[in-house]
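Enquirer: Here it is: the structure, laid out below.
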Amino acid sequence: MTDIPVKEEFLKQAQLLSRGAEVLPGGIEELAYRLQKASEENTPLRVKLGMDPSRPDLHLGHTVVLRKIKQFQDLGHKIILIVGGGTGMIGDPSGKSDTRPSLTKEQVEENAKTYFNQISKVIDVDKAEIKNNADWLYKLNFIEMLKLASKVTVAQLMTRDDFAKRYAENKPISVHEFFYPLMQAYDSVVVDADIELGGTDQRFNNLLGREIQSAYGKKHPQMVMLLPLLEGTDGVVKMSKSFPEHCISLTDSAKDMYGKLMSISDNLIMKYFALLTDISNEELKNIEEEMKTKNPRDIKMRLAFTITEMYNGKDCALEAQNDFIKVVQNKEIPEDIPEIKINEKISLIDFISNFDKTLSRGEIKRLASSGAVKINSVKQANPNFIIEPSSLPVVVQYGKRKYIKGV
């Protein structure tokens, strides 16, 4: 950054873009300077976000960075979405205690197919620059890979918490895992990124991108913006498809999305408002004051409606809210329960798993043991309980909002 004064306009833009984020290096002032320089030179900043298609569905945790990059897009900058066709075959070792299983090229491509339909709920995909890093990573020959690897030392790689921890615990670290951050950093060279976004777990990977860009001759390497990781509905574990009971997917129905949002821990309300909605800082302060005197449930209903409306539309959000009030608050059984024909004896766990393919048998057992499974409004902790045809019809509830009727 130079001594050139930065205009108030760009300081305000930088403050907006930096809400909830850690900006490296130089913070808001450096970002404001780059915004001003881009405007003066009529050259939009190139803002990079990489996404490895390790799973087919995106969730609200992913939207934290997607919403941030949308802010850059709204200000006229060029956003570059990188699908990790190459890096996805290794899998990001960040935060992992074991080596990730490698995905095949076909698995990566299949998962990537659904990504852009979901991403389009947040950003204007048509105005984005979409790249697949398989296009350049597959073409690197062995000598070029050695050249890339020579830009970083083993000591640098071992400063990563996950690698250091696994090494200290004598857990294996495969050599190919060292290449993941190198490959992600090389992406920044290829697309000539000015800013890279990522979660706080991407600190090492994103900052390495700066070093590799410098090593390949970029005079002003990328800035890095790190966004907080979003906890799932339990308020403890990072939102992940690995924990479906605590995960809110973009593909969830309006009723499921609203209901799951109503189940979040009260201590997550402010964080969800700040990271997942467009409300102003002034409104955030007002909500924080309301939390001291009002029932958190009422504030949570506003949050649930706001987010559900964003991804499902106002009409669906209203229907979901009314359904929640009727079923959860007023303890009424919904009218539109799917009906399943039962012709012979069937265990409770088979009945649920045959209908709901999204739950594993282990997850159904956990729901039952925690008292979250009911038959005709009576808790049933035994997942092997037998439903007899003579007892029909029966209404089975599992979780807070899911029902099946056996007839």
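Going through the structure tokens in order, the chains are called A, B, and so on, while each chain numbers its residues from 1 and the ligands are numbered from 1 in the order shown.
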Quick one: residues within 8 Å of range 134-141 of chain A, only C-alpha atoms, excluding same-chain residues fewer than 5 positions away - as a list of chain:residue names?
Expert: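 Near range 134-141 of chain A, the qualifying residues are A:Gly84, A:Gly85, A:Gly86, A:Thr87, A:Met183.
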Enquirer: Run DSSP on the backbone and give me the residues of range 249-376 of chain A it puts in helix (DSSP H, G or I), as a PyMOL selection string.
Expert: chain A and resi 254-262+266-276+281-293+296-312+314-329+348-355+361-369
Enquirer: Could you check which of A:Phe163, A:Tyr216, A:Phe10, A:Phe385 is closest to Lys345 in chain A, using only C-alpha atoms?
Expert: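 For Lys345 in chain A, the nearest of the candidates is A:Phe385.
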Enquirer: From the options A:Pro334, A:Ile212, A:Leu392, A:Ser120, which residue's atoms come nearest to Thr153 in chain A, counting only C-alpha atoms?
Expert: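 Using only C-alpha atoms, Thr153 in chain A sits closest to A:Ile212.
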Enquirer: Write out as a VMD selection string each polymer residue whose atoms come within 8 Å of Gln118 in chain A, counting only C-alpha atoms; drop sequence neighbours fewer than 2 positions from it.
Expert: chain A and resid 57 to 58 114 to 116 120 to 122 250 to 251
Enquirer: Can you tell me, as a list of chain:residue names, what residues are no more than 10 Å from range 29-34 of chain A when counting only C-alpha atoms, ignoring any on the same chain fewer than 6 positions away?
Expert: A:Met1, A:Thr2, A:Asp3, A:Ile4, A:Pro5, A:Val6, A:Lys7, A:Glu8, A:Glu9, A:Phe10, A:Leu11, A:Lys12, A:Gln13, A:Ala14, A:Gln15, A:Leu17, A:Ser18, A:Val23, A:Glu40, A:Pro44, A:Leu45, A:Asp194, A:Ile195, A:Met223, A:Val224, A:Met225
Enquirer: To test your reading of the structure, identify every residue in range 209-394 of chain A that backbone DSSP assigns to strand (DSSP E or B), and report it as an NGL selection string.
Expert: :A and (223-227 or 231 or 238 or 249 or 339-340 or 346-347 or 373-375 or 378-379 or 386-387 or 394)
Enquirer: At a cut-off of 7 Å, using only C-alpha atoms, what residues contact range 267-280 of chain A? Leave out same-chain residues fewer than 5 positions from it and give the result as a PDB file with C-alpha atoms, in the first residue's frame.
Expert:
ATOM      1  CA  VAL A  64     -21.207 -17.543   4.069  1.00  0.00           C
ATOM      2  CA  GLY A 235     -24.227 -25.070  17.966  1.00  0.00           C
ATOM      3  CA  LYS A 300     -35.622 -16.946  15.840  1.00  0.00           C
ATOM      4  CA  LEU A 303     -34.516 -15.349  11.326  1.00  0.00           C
ATOM      5  CA  ILE A 307     -33.590 -17.161   5.381  1.00  0.00           C
TER       6      ILE A 307
END
Enquirer: How many Å lie between CA of Phe243 in chain A and CA of Tyr167 in chain A, rounded to one decimal?
Expert: 26.7 Å
Enquirer: Which residues, written as number ranges by chain, have at least one atom at most 12 Å from Asp74 in chain A, with only C-alpha atoms counted and residues fewer than 4 positions away on the same chain left out?
Expert: A: 13, 16-17, 44, 67-70, 78-79, 122-124, 127-128
Enquirer: Next, the residues of the selection above should be written as a JSON list (two decimals), in the first residue's frame with N, CA and C atoms.
Expert:
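Full text of result.json as output:
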[["chain", "number", "residue", "atom", "x", "y", "z"],
["A", 13, "GLN", "N", -16.84, 0.92, 1.21],
["A", 13, "GLN", "CA", -16.96, -0.37, 0.51],
["A", 13, "GLN", "C", -16.16, -1.45, 1.23],
["A", 16, "LEU", "N", -17.90, -2.58, 4.38],
["A", 16, "LEU", "CA", -19.01, -3.48, 4.06],
["A", 16, "LEU", "C", -18.50, -4.88, 3.73],
["A", 17, "LEU", "N", -17.49, -4.93, 2.88],
["A", 17, "LEU", "CA", -16.97, -6.22, 2.45],
["A", 17, "LEU", "C", -16.28, -6.98, 3.59],
["A", 44, "PRO", "N", -11.60, -4.23, -12.92],
["A", 44, "PRO", "CA", -12.21, -4.89, -11.76],
["A", 44, "PRO", "C", -11.25, -5.88, -11.10],
["A", 67, "ARG", "N", -22.08, -15.55, -0.22],
["A", 67, "ARG", "CA", -22.71, -14.24, -0.04],
["A", 67, "ARG", "C", -21.64, -13.13, -0.04],
["A", 68, "LYS", "N", -20.48, -13.43, 0.50],
["A", 68, "LYS", "CA", -19.41, -12.43, 0.52],
["A", 68, "LYS", "C", -18.91, -12.15, -0.89],
["A", 69, "ILE", "N", -18.75, -13.19, -1.68],
["A", 69, "ILE", "CA", -18.26, -12.96, -3.05],
["A", 69, "ILE", "C", -19.33, -12.28, -3.89],
["A", 70, "LYS", "N", -20.61, -12.50, -3.53],
["A", 70, "LYS", "CA", -21.70, -11.80, -4.21],
["A", 70, "LYS", "C", -21.60, -10.29, -3.98],
["A", 78, "LYS", "N", -14.98, -8.90, -10.87],
["A", 78, "LYS", "CA", -15.10, -10.20, -11.55],
["A", 78, "LYS", "C", -14.87, -11.33, -10.54],
["A", 79, "ILE", "N", -15.85, -12.18, -10.40],
["A", 79, "ILE", "CA", -15.67, -13.32, -9.50],
["A", 79, "ILE", "C", -15.33, -14.56, -10.30],
["A", 122, "VAL", "N", -27.62, -17.83, -4.88],
["A", 122, "VAL", "CA", -26.89, -16.80, -4.13],
["A", 122, "VAL", "C", -26.26, -15.77, -5.06],
["A", 123, "ILE", "N", -25.59, -16.22, -6.12],
["A", 123, "ILE", "CA", -24.87, -15.30, -7.01],
["A", 123, "ILE", "C", -25.38, -15.41, -8.43],
["A", 124, "ASP", "N", -24.98, -14.45, -9.26],
["A", 124, "ASP", "CA", -25.32, -14.47, -10.68],
["A", 124, "ASP", "C", -24.26, -15.29, -11.40],
["A", 127, "LYS", "N", -22.73, -14.21, -14.82],
["A", 127, "LYS", "CA", -21.73, -13.14, -14.86],
["A", 127, "LYS", "C", -20.41, -13.54, -14.21],
["A", 128, "ALA", "N", -20.34, -14.78, -13.75],
["A", 128, "ALA", "CA", -19.11, -15.26, -13.10],
["A", 128, "ALA", "C", -18.21, -15.93, -14.14]]
Enquirer: As number ranges by chain, please: the residues near Ile248 in chain A (cut-off 7 Å, only C-alpha atoms, same-chain neighbours under 4 positions excluded).
Expert: A: 59-60, 252, 257, 260
Enquirer: For the selection just defined, write its residues with N, CA and C atoms to a file, as a PDB file, in the first residue's frame.
Expert:
ATOM      1  N   HIS A  59     -24.787 -26.375   1.616  1.00  0.00           N
ATOM      2  CA  HIS A  59     -25.594 -26.030   2.779  1.00  0.00           C
ATOM      3  C   HIS A  59     -25.362 -24.571   3.159  1.00  0.00           C
ATOM      4  N   LEU A  60     -26.072 -24.103   4.187  1.00  0.00           N
ATOM      5  CA  LEU A  60     -25.980 -22.697   4.569  1.00  0.00           C
ATOM      6  C   LEU A  60     -24.561 -22.293   4.952  1.00  0.00           C
ATOM      7  N   ASP A 252     -33.038 -28.269   0.807  1.00  0.00           N
ATOM      8  CA  ASP A 252     -34.116 -28.590   1.745  1.00  0.00           C
ATOM      9  C   ASP A 252     -35.413 -27.895   1.321  1.00  0.00           C
ATOM     10  N   MET A 257     -36.316 -26.410   5.979  1.00  0.00           N
ATOM     11  CA  MET A 257     -35.369 -25.327   6.241  1.00  0.00           C
ATOM     12  C   MET A 257     -35.852 -24.470   7.414  1.00  0.00           C
ATOM     13  N   LYS A 260     -35.625 -26.511  10.718  1.00  0.00           N
ATOM     14  CA  LYS A 260     -34.247 -26.681  11.192  1.00  0.00           C
ATOM     15  C   LYS A 260     -33.701 -25.376  11.759  1.00  0.00           C
TER      16      LYS A 260
END
Enquirer: In Å, how far is it from CA of Asn376 in chain A to CA of Val395 in chain A?
Expert: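 Value for the CA of Asn376 in chain A-CA of Val395 in chain A distance: 5.1 Å.
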